[in-house]
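Below is one structure, written out as structure tokens; the observations come after it.
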Amino acid sequence: MARFSRADALKQLLAHPLVPVFYHPDVAHAQQIVQACYNGGIRVFEFTNRGAQAFDVFTQLQSFVQTNCPEMLLGIGTIYEGEEAQRFIQAGADFVVQPVTTESVAHACKHADVAWLPGAMTLNEIYRAHQLGADVVKVFPGNTVGPSYIKAVRGPLPDVPLMVTGGVEPTEESIGEWLGAGVQAVGIGSQLFKGDAGAEALTAKVAGLVQFIQQRAQQ
């Protein structure tokens, strides 16, 4: 089961809003990536359910995180149905992320006291997810709407916690623009790991972005 309550997970996400989104079928490589991100200051990490080996890798990765990255939330992404959510929650998922919004996943997360981050785009979808109990609504894919859309959403929906995934570049300019538009967190996928320059380079890249976000929050 999850090591963090729903409330604690939300608190951690809001305090550490940079969320890597990653999948790899090789356990050792996945562990290396997670450790490098943790060393750089990442405290919330989304492993996606996008391959045949996803569950086995996630299970081993969760054990690794408990031992080597004790302050990190490890969640599962790309979940569609409640049974999937339950399976990964039993394996230790600290939060569940969806590309869509389904009530069965909402119920599974609520029953297990696990943070739920469903995907949505339109105002109706975002509002519906919020009404169903979303802790944070994931606006996806962000690259099709842009930060200006988030600013527009904030007019009628000023209080719904939002995370954007898709279209976020691993640069201070991109992250600053999205946070400035009104999201509480940003998810970064392949762009963060592009080039595969090694663990030390990834740690350095992440550390710079984490420092930028922390300094920005203090202004």
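If you're wondering about the labels, chains in the structure tokens are A, B, ... by order shown, residues count from 1 in each chain, ligands from 1 in order shown.
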| said: I'd like the contact shell of range 196-206 of chain A - 7 Å cut-off, only C-alpha atoms, skipping same-chain residues fewer than 6 positions apart - returned as a ChimeraX atom specification. | reply: /A:32-33,36-37,39-40
| Residue contacts of range 191-193 of chain A (8 Å, only C-alpha atoms) excluding same-chain residues fewer than 2 positions away, as a list in words |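 Here the answer would be Pro20, Glu169, Pro170, Ile188, Gly189, Gly195, Asp196 and Leu202 of chain A.
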Output N, CA and C atoms of each residue in that selection to a file, as a PDB file, in the first residue's frame.
ATOM      1  N   PRO A  20       8.889  14.274 -12.908  1.00  0.00           N
ATOM      2  CA  PRO A  20       9.313  13.501 -14.079  1.00  0.00           C
ATOM      3  C   PRO A  20       8.277  12.428 -14.415  1.00  0.00           C
ATOM      4  N   GLU A 169       8.863  22.038 -21.365  1.00  0.00           N
ATOM      5  CA  GLU A 169      10.275  21.838 -21.663  1.00  0.00           C
ATOM      6  C   GLU A 169      11.085  21.915 -20.369  1.00  0.00           C
ATOM      7  N   PRO A 170      12.200  21.182 -20.290  1.00  0.00           N
ATOM      8  CA  PRO A 170      13.036  21.225 -19.085  1.00  0.00           C
ATOM      9  C   PRO A 170      13.924  22.466 -19.049  1.00  0.00           C
ATOM     10  N   ILE A 188       7.066  16.473 -16.678  1.00  0.00           N
ATOM     11  CA  ILE A 188       7.968  16.501 -17.836  1.00  0.00           C
ATOM     12  C   ILE A 188       8.359  15.073 -18.194  1.00  0.00           C
ATOM     13  N   GLY A 189       8.123  14.709 -19.450  1.00  0.00           N
ATOM     14  CA  GLY A 189       8.422  13.362 -19.910  1.00  0.00           C
ATOM     15  C   GLY A 189       9.717  13.258 -20.659  1.00  0.00           C
ATOM     16  N   GLY A 195      18.659  12.608 -24.895  1.00  0.00           N
ATOM     17  CA  GLY A 195      20.105  12.629 -25.012  1.00  0.00           C
ATOM     18  C   GLY A 195      20.800  11.590 -24.165  1.00  0.00           C
ATOM     19  N   ASP A 196      20.179  11.186 -23.048  1.00  0.00           N
ATOM     20  CA  ASP A 196      20.730  10.137 -22.187  1.00  0.00           C
ATOM     21  C   ASP A 196      22.216  10.355 -21.916  1.00  0.00           C
ATOM     22  N   LEU A 202      21.978  14.140 -15.620  1.00  0.00           N
ATOM     23  CA  LEU A 202      20.562  14.253 -15.292  1.00  0.00           C
ATOM     24  C   LEU A 202      20.369  14.873 -13.921  1.00  0.00           C
TER      25      LEU A 202
END
Within 10 Å of range 154-162 of chain A using only C-alpha atoms, minus same-chain residues under 6 positions, as a short mmCIF file (atom, residue, chain, number, x, y, z; two decimals) with N, CA, C and O atoms, in the first residue's frame:
data_model
loop_
_atom_site.label_atom_id
_atom_site.label_comp_id
_atom_site.auth_asym_id
_atom_site.auth_seq_id
_atom_site.Cartn_x
_atom_site.Cartn_y
_atom_site.Cartn_z
N LEU A 10 -0.56 15.12 -1.53
CA LEU A 10 -0.88 16.42 -2.12
C LEU A 10 0.05 17.51 -1.59
O LEU A 10 0.54 18.35 -2.36
N LEU A 14 2.63 19.77 -3.96
CA LEU A 14 2.59 21.23 -4.01
C LEU A 14 3.91 21.84 -3.58
O LEU A 14 4.29 22.91 -4.05
N LEU A 117 -5.05 11.93 -9.65
CA LEU A 117 -4.78 13.01 -10.59
C LEU A 117 -5.31 12.62 -11.97
O LEU A 117 -4.57 12.07 -12.80
N GLY A 119 -6.87 13.06 -15.87
CA GLY A 119 -6.58 13.95 -16.98
C GLY A 119 -7.84 14.59 -17.54
O GLY A 119 -8.91 13.98 -17.58
N ALA A 120 -7.70 15.85 -17.97
CA ALA A 120 -8.82 16.59 -18.53
C ALA A 120 -8.27 17.73 -19.38
O ALA A 120 -7.09 18.07 -19.30
N LEU A 123 -13.12 22.92 -19.94
CA LEU A 123 -13.66 23.39 -18.67
C LEU A 123 -14.61 22.36 -18.06
O LEU A 123 -14.58 22.11 -16.85
N ILE A 126 -12.52 19.44 -16.68
CA ILE A 126 -11.78 19.83 -15.47
C ILE A 126 -12.74 19.94 -14.28
O ILE A 126 -12.46 19.44 -13.18
N TYR A 127 -13.88 20.57 -14.51
CA TYR A 127 -14.86 20.73 -13.43
C TYR A 127 -15.41 19.39 -12.98
O TYR A 127 -15.57 19.14 -11.77
N ALA A 129 -13.95 16.42 -13.16
CA ALA A 129 -12.92 15.71 -12.39
C ALA A 129 -12.83 16.26 -10.98
O ALA A 129 -12.69 15.51 -10.00
N HIS A 130 -12.92 17.57 -10.86
CA HIS A 130 -12.87 18.21 -9.54
C HIS A 130 -14.06 17.79 -8.69
O HIS A 130 -13.92 17.47 -7.50
N GLN A 131 -15.24 17.73 -9.30
CA GLN A 131 -16.45 17.33 -8.58
C GLN A 131 -16.37 15.87 -8.13
O GLN A 131 -16.94 15.50 -7.10
N ALA A 134 -11.05 14.84 -7.51
CA ALA A 134 -9.64 14.90 -7.90
C ALA A 134 -8.84 15.77 -6.93
O ALA A 134 -9.28 16.86 -6.56
N ASP A 135 -7.69 15.27 -6.53
CA ASP A 135 -6.80 16.08 -5.70
C ASP A 135 -6.14 17.16 -6.54
O ASP A 135 -5.99 18.31 -6.11
N VAL A 136 -5.73 16.78 -7.74
CA VAL A 136 -5.17 17.69 -8.73
C VAL A 136 -5.68 17.21 -10.08
O VAL A 136 -5.71 16.00 -10.34
N VAL A 137 -6.07 18.12 -10.94
CA VAL A 137 -6.50 17.75 -12.29
C VAL A 137 -5.33 17.97 -13.25
O VAL A 137 -4.72 19.04 -13.27
N LYS A 138 -5.02 16.93 -14.02
CA LYS A 138 -3.93 17.01 -14.98
C LYS A 138 -4.45 17.52 -16.32
O LYS A 138 -5.27 16.86 -16.96
N VAL A 139 -4.01 18.70 -16.72
CA VAL A 139 -4.37 19.23 -18.03
C VAL A 139 -3.44 18.59 -19.06
O VAL A 139 -2.22 18.77 -19.01
N LEU A 179 4.02 27.78 -14.64
CA LEU A 179 3.70 28.09 -13.24
C LEU A 179 3.08 29.48 -13.14
O LEU A 179 2.13 29.70 -12.38
N ALA A 181 1.30 30.87 -15.33
CA ALA A 181 -0.05 30.83 -15.90
C ALA A 181 -1.08 30.34 -14.89
O ALA A 181 -2.27 30.58 -15.05
N GLY A 182 -0.61 29.62 -13.85
CA GLY A 182 -1.53 29.20 -12.81
C GLY A 182 -1.60 27.74 -12.47
O GLY A 182 -2.47 27.32 -11.71
N VAL A 183 -0.68 26.91 -13.01
CA VAL A 183 -0.67 25.51 -12.59
C VAL A 183 0.10 25.36 -11.29
O VAL A 183 0.99 26.16 -10.99
N GLN A 184 -0.22 24.32 -10.54
CA GLN A 184 0.49 24.05 -9.29
C GLN A 184 1.67 23.11 -9.48
O GLN A 184 2.54 23.03 -8.61
N ALA A 185 1.69 22.37 -10.59
CA ALA A 185 2.77 21.42 -10.83
C ALA A 185 2.93 21.19 -12.32
O ALA A 185 2.02 21.44 -13.11
N VAL A 186 4.11 20.73 -12.71
CA VAL A 186 4.39 20.43 -14.11
C VAL A 186 4.97 19.03 -14.22
O VAL A 186 5.82 18.62 -13.44
#
| task | Could you check which of A:Ser174, A:Gln215, A:Gln98, A:Ser5 is closest to Phe47 in chain A, using only C-alpha atoms? | result | A:Gln98
Could you pull the residues within 9 Å of Gly133 in chain A, counting only C-alpha atoms, minus those fewer than 4 positions along the same chain, as an mmCIF file with N, CA, C and O atoms, in the first residue's frame?
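Result went into selection.cif, see below:
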data_model
loop_
_atom_site.group_PDB
_atom_site.id
_atom_site.type_symbol
_atom_site.label_atom_id
_atom_site.label_comp_id
_atom_site.auth_asym_id
_atom_site.auth_seq_id
_atom_site.Cartn_x
_atom_site.Cartn_y
_atom_site.Cartn_z
ATOM 1 N N ALA A 106 -11.475 6.914 -9.614
ATOM 2 C CA ALA A 106 -11.762 7.836 -8.514
ATOM 3 C C ALA A 106 -12.155 7.067 -7.261
ATOM 4 O O ALA A 106 -11.660 7.345 -6.153
ATOM 5 N N LYS A 110 -10.072 6.814 -3.695
ATOM 6 C CA LYS A 110 -10.721 7.294 -2.479
ATOM 7 C C LYS A 110 -10.766 6.199 -1.422
ATOM 8 O O LYS A 110 -10.488 6.450 -0.242
ATOM 9 N N TRP A 116 -5.401 11.170 -6.271
ATOM 10 C CA TRP A 116 -5.906 10.888 -7.615
ATOM 11 C C TRP A 116 -5.744 12.119 -8.493
ATOM 12 O O TRP A 116 -6.214 13.194 -8.165
ATOM 13 N N ARG A 128 -15.701 18.504 -13.932
ATOM 14 C CA ARG A 128 -16.231 17.182 -13.586
ATOM 15 C C ARG A 128 -15.221 16.401 -12.751
ATOM 16 O O ARG A 128 -15.586 15.768 -11.749
ATOM 17 N N ALA A 129 -13.954 16.420 -13.158
ATOM 18 C CA ALA A 129 -12.924 15.710 -12.394
ATOM 19 C C ALA A 129 -12.830 16.261 -10.979
ATOM 20 O O ALA A 129 -12.687 15.510 -10.000
#
| message | So that I can check the surroundings of Asp94 in chain A, please list as a ChimeraX atom specification every protein, DNA and RNA residue that reaches within 8 Å of it, counting only C-alpha atoms and ignoring chain neighbours fewer than 6 positions away. | response | /A:1-5,9,73-76,114-115
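Among the candidate residues A:Thr67, A:Ile175, A:Arg87, A:Val96, the one lying nearest to Gln214 in chain A is A:Ile175, with distances computed using only C-alpha atoms.
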| request: Quick one: everything within 12 Å of Ala15 in chain A, counting only C-alpha atoms, minus sequence neighbours fewer than 2 positions away in the same chain. Send it as a PyMOL selection string. | output: chain A and resi 8-13+17-19+41-44+184-185+210+213-214+217-218
| said: Can you pull out every residue from range 17-218 of chain A that DSSP, working from the backbone, puts in strand (DSSP E or B), and format the result as a PyMOL selection string? | reply: chain A and resi 18-22+44-48+73-77+95-97+115-117+119-120+137-139+162-165+185-188
Resulting file, chosen residues, N, CA and C atoms, as a JSON list (two decimals), in the first residue's frame:
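Result file out.json:
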[["chain", "number", "residue", "atom", "x", "y", "z"],
["A", 18, "LEU", "N", 7.84, 19.75, -9.55],
["A", 18, "LEU", "CA", 8.45, 19.24, -10.78],
["A", 18, "LEU", "C", 8.36, 17.71, -10.75],
["A", 19, "VAL", "N", 7.60, 17.14, -11.70],
["A", 19, "VAL", "CA", 7.31, 15.70, -11.68],
["A", 19, "VAL", "C", 7.82, 15.04, -12.97],
["A", 20, "PRO", "N", 8.89, 14.27, -12.91],
["A", 20, "PRO", "CA", 9.31, 13.50, -14.08],
["A", 20, "PRO", "C", 8.28, 12.43, -14.41],
["A", 21, "VAL", "N", 8.07, 12.22, -15.71],
["A", 21, "VAL", "CA", 7.12, 11.20, -16.19],
["A", 21, "VAL", "C", 7.94, 10.24, -17.06],
["A", 22, "PHE", "N", 8.02, 8.96, -16.64],
["A", 22, "PHE", "CA", 9.03, 8.07, -17.23],
["A", 22, "PHE", "C", 8.55, 6.63, -17.26],
["A", 44, "VAL", "N", 8.73, 13.82, -6.22],
["A", 44, "VAL", "CA", 7.51, 13.22, -6.76],
["A", 44, "VAL", "C", 7.84, 12.70, -8.16],
["A", 45, "PHE", "N", 7.61, 11.41, -8.40],
["A", 45, "PHE", "CA", 8.02, 10.78, -9.66],
["A", 45, "PHE", "C", 6.87, 9.91, -10.17],
["A", 46, "GLU", "N", 6.53, 10.09, -11.45],
["A", 46, "GLU", "CA", 5.46, 9.29, -12.08],
["A", 46, "GLU", "C", 6.06, 8.26, -13.02],
["A", 47, "PHE", "N", 5.83, 6.99, -12.71],
["A", 47, "PHE", "CA", 6.22, 5.91, -13.62],
["A", 47, "PHE", "C", 4.97, 5.51, -14.39],
["A", 48, "THR", "N", 5.07, 5.44, -15.72],
["A", 48, "THR", "CA", 3.87, 5.23, -16.51],
["A", 48, "THR", "C", 3.62, 3.77, -16.84],
["A", 73, "LEU", "N", 7.76, 10.32, -3.44],
["A", 73, "LEU", "CA", 6.51, 9.69, -3.80],
["A", 73, "LEU", "C", 6.68, 9.06, -5.18],
["A", 74, "LEU", "N", 6.38, 7.79, -5.29],
["A", 74, "LEU", "CA", 6.41, 7.10, -6.57],
["A", 74, "LEU", "C", 4.97, 6.74, -6.95],
["A", 75, "GLY", "N", 4.49, 7.36, -8.01],
["A", 75, "GLY", "CA", 3.13, 7.12, -8.45],
["A", 75, "GLY", "C", 3.09, 6.39, -9.78],
["A", 76, "ILE", "N", 1.90, 5.98, -10.16],
["A", 76, "ILE", "CA", 1.72, 5.28, -11.42],
["A", 76, "ILE", "C", 0.83, 6.12, -12.34],
["A", 77, "GLY", "N", 1.23, 6.21, -13.60],
["A", 77, "GLY", "CA", 0.47, 6.96, -14.58],
["A", 77, "GLY", "C", -0.11, 6.07, -15.67],
["A", 95, "PHE", "N", 0.42, 7.62, -5.63],
["A", 95, "PHE", "CA", -0.63, 8.41, -6.28],
["A", 95, "PHE", "C", -0.91, 7.78, -7.63],
["A", 96, "VAL", "N", -2.06, 8.11, -8.20],
["A", 96, "VAL", "CA", -2.48, 7.55, -9.48],
["A", 96, "VAL", "C", -2.81, 8.68, -10.44],
["A", 97, "VAL", "N", -2.22, 8.60, -11.65],
["A", 97, "VAL", "CA", -2.41, 9.63, -12.67],
["A", 97, "VAL", "C", -3.11, 9.00, -13.87],
["A", 115, "ALA", "N", -3.84, 9.64, -3.47],
["A", 115, "ALA", "CA", -4.07, 10.83, -4.28],
["A", 115, "ALA", "C", -4.41, 10.46, -5.71],
["A", 116, "TRP", "N", -5.40, 11.17, -6.27],
["A", 116, "TRP", "CA", -5.91, 10.89, -7.61],
["A", 116, "TRP", "C", -5.74, 12.12, -8.49],
["A", 117, "LEU", "N", -5.05, 11.93, -9.65],
["A", 117, "LEU", "CA", -4.78, 13.01, -10.59],
["A", 117, "LEU", "C", -5.31, 12.62, -11.97],
["A", 119, "GLY", "N", -6.87, 13.06, -15.87],
["A", 119, "GLY", "CA", -6.58, 13.95, -16.98],
["A", 119, "GLY", "C", -7.84, 14.59, -17.54],
["A", 120, "ALA", "N", -7.70, 15.85, -17.97],
["A", 120, "ALA", "CA", -8.82, 16.59, -18.53],
["A", 120, "ALA", "C", -8.27, 17.73, -19.38],
["A", 137, "VAL", "N", -6.07, 18.12, -10.94],
["A", 137, "VAL", "CA", -6.50, 17.75, -12.29],
["A", 137, "VAL", "C", -5.33, 17.97, -13.25],
["A", 138, "LYS", "N", -5.02, 16.93, -14.02],
["A", 138, "LYS", "CA", -3.93, 17.01, -14.98],
["A", 138, "LYS", "C", -4.45, 17.52, -16.32],
["A", 139, "VAL", "N", -4.01, 18.70, -16.72],
["A", 139, "VAL", "CA", -4.37, 19.23, -18.03],
["A", 139, "VAL", "C", -3.44, 18.59, -19.06],
["A", 162, "LEU", "N", -4.17, 22.37, -10.47],
["A", 162, "LEU", "CA", -3.89, 21.87, -11.81],
["A", 162, "LEU", "C", -2.42, 21.48, -11.96],
["A", 163, "MET", "N", -2.20, 20.42, -12.72],
["A", 163, "MET", "CA", -0.87, 20.04, -13.17],
["A", 163, "MET", "C", -0.93, 19.92, -14.69],
["A", 164, "VAL", "N", 0.10, 20.36, -15.38],
["A", 164, "VAL", "CA", 0.11, 20.23, -16.83],
["A", 164, "VAL", "C", 1.19, 19.23, -17.22],
["A", 165, "THR", "N", 0.86, 18.38, -18.18],
["A", 165, "THR", "CA", 1.82, 17.43, -18.74],
["A", 165, "THR", "C", 1.70, 17.48, -20.26],
["A", 185, "ALA", "N", 1.69, 22.37, -10.59],
["A", 185, "ALA", "CA", 2.77, 21.42, -10.83],
["A", 185, "ALA", "C", 2.93, 21.19, -12.32],
["A", 186, "VAL", "N", 4.11, 20.73, -12.71],
["A", 186, "VAL", "CA", 4.39, 20.43, -14.11],
["A", 186, "VAL", "C", 4.97, 19.03, -14.22],
["A", 187, "GLY", "N", 4.46, 18.27, -15.20],
["A", 187, "GLY", "CA", 5.01, 16.95, -15.48],
["A", 187, "GLY", "C", 5.85, 17.01, -16.74],
["A", 188, "ILE", "N", 7.07, 16.47, -16.68],
["A", 188, "ILE", "CA", 7.97, 16.50, -17.84],
["A", 188, "ILE", "C", 8.36, 15.07, -18.19]]
| message | I need the alpha helix (DSSP H) residues of range 44-148 of chain A per DSSP on the backbone, written as number ranges by chain. | response | A: 54-68, 82-90, 103-112, 123-131, 147-148
| task | Could you check which of A:Asn143, A:Thr78, A:Gln31, A:Asn124 is closest to Gln60 in chain A, using only C-alpha atoms? | result |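 Under the stated criterion, the closest residue is A:Gln31.
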